[in-house]
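**Student:** Quick one: the structure is below, questions incoming.
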Amino acid sequence: QTVSIQSPGEEPLQGTPDEIADALRAFARAGIDEAQVWLAPNTLAGIEAFAPALANLGQE
């Protein structure tokens, strides 16, 4: 399953839940302590697709 995240002016970040979690960790290592995520599709299915990435983040 693929999840996408897009920064302003950049292509969306896409990948498996593990890849998305790793990318969010990279933001944290760069000193970013908050992230706003816009899911596409912005539906229950999008939220369910993103949930494993959040669960992965909680494993640290």
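Ordered as shown in the structure tokens, chains take letters A, B, and onward, while each chain numbers its residues from 1 and ligands are numbered from 1 in the order shown.
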List every residue of chain A that DSSP, applied to the backbone, labels as strand (DSSP E), and write the result as a PyMOL selection string.
**Tutor:** chain A and resi 3-6+12-15
**Student:** Skipping near chain neighbours, those fewer than 2 positions away, what residues fall within 10 Å of A:Ile20 using only C-alpha atoms, listed as JSON, numbers by chain?
**Tutor:** {"A": [2, 3, 4, 5, 13, 14, 15, 16, 17, 18, 22, 23, 24, 25, 26, 50, 52, 53, 54, 56, 57]}
**Student:** Calculated over only C-alpha atoms, which of the candidates A:Ala21, A:Ala35, A:Glu11, A:Ala28 has the smallest distance to A:Ala51?
**Tutor:**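 Distance minimum relative to A:Ala51 lands on A:Ala21.
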**Student:** Quick check for you: according to DSSP on this backbone, which residues of chain A are classed as alpha helix (DSSP H)? Reply as a VMD selection string.
**Tutor:** chain A and resid 17 to 29 44 to 57
**Student:** Mind giving me the straight-line distance from atom CA of A:Trp38 to atom CA of A:Gly58 in Å, one decimal?
**Tutor:**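 Answer for the atom CA of A:Trp38 to atom CA of A:Gly58 separation: 19.4 Å.
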**Student:** For the atom pair atom CA of A:Gly9 and atom CA of A:Glu34, what is the interatomic distance in Å to one decimal place?
**Tutor:**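 Atom CA of A:Glu34 lies at a distance of 18.4 Å from atom CA of A:Gly9.
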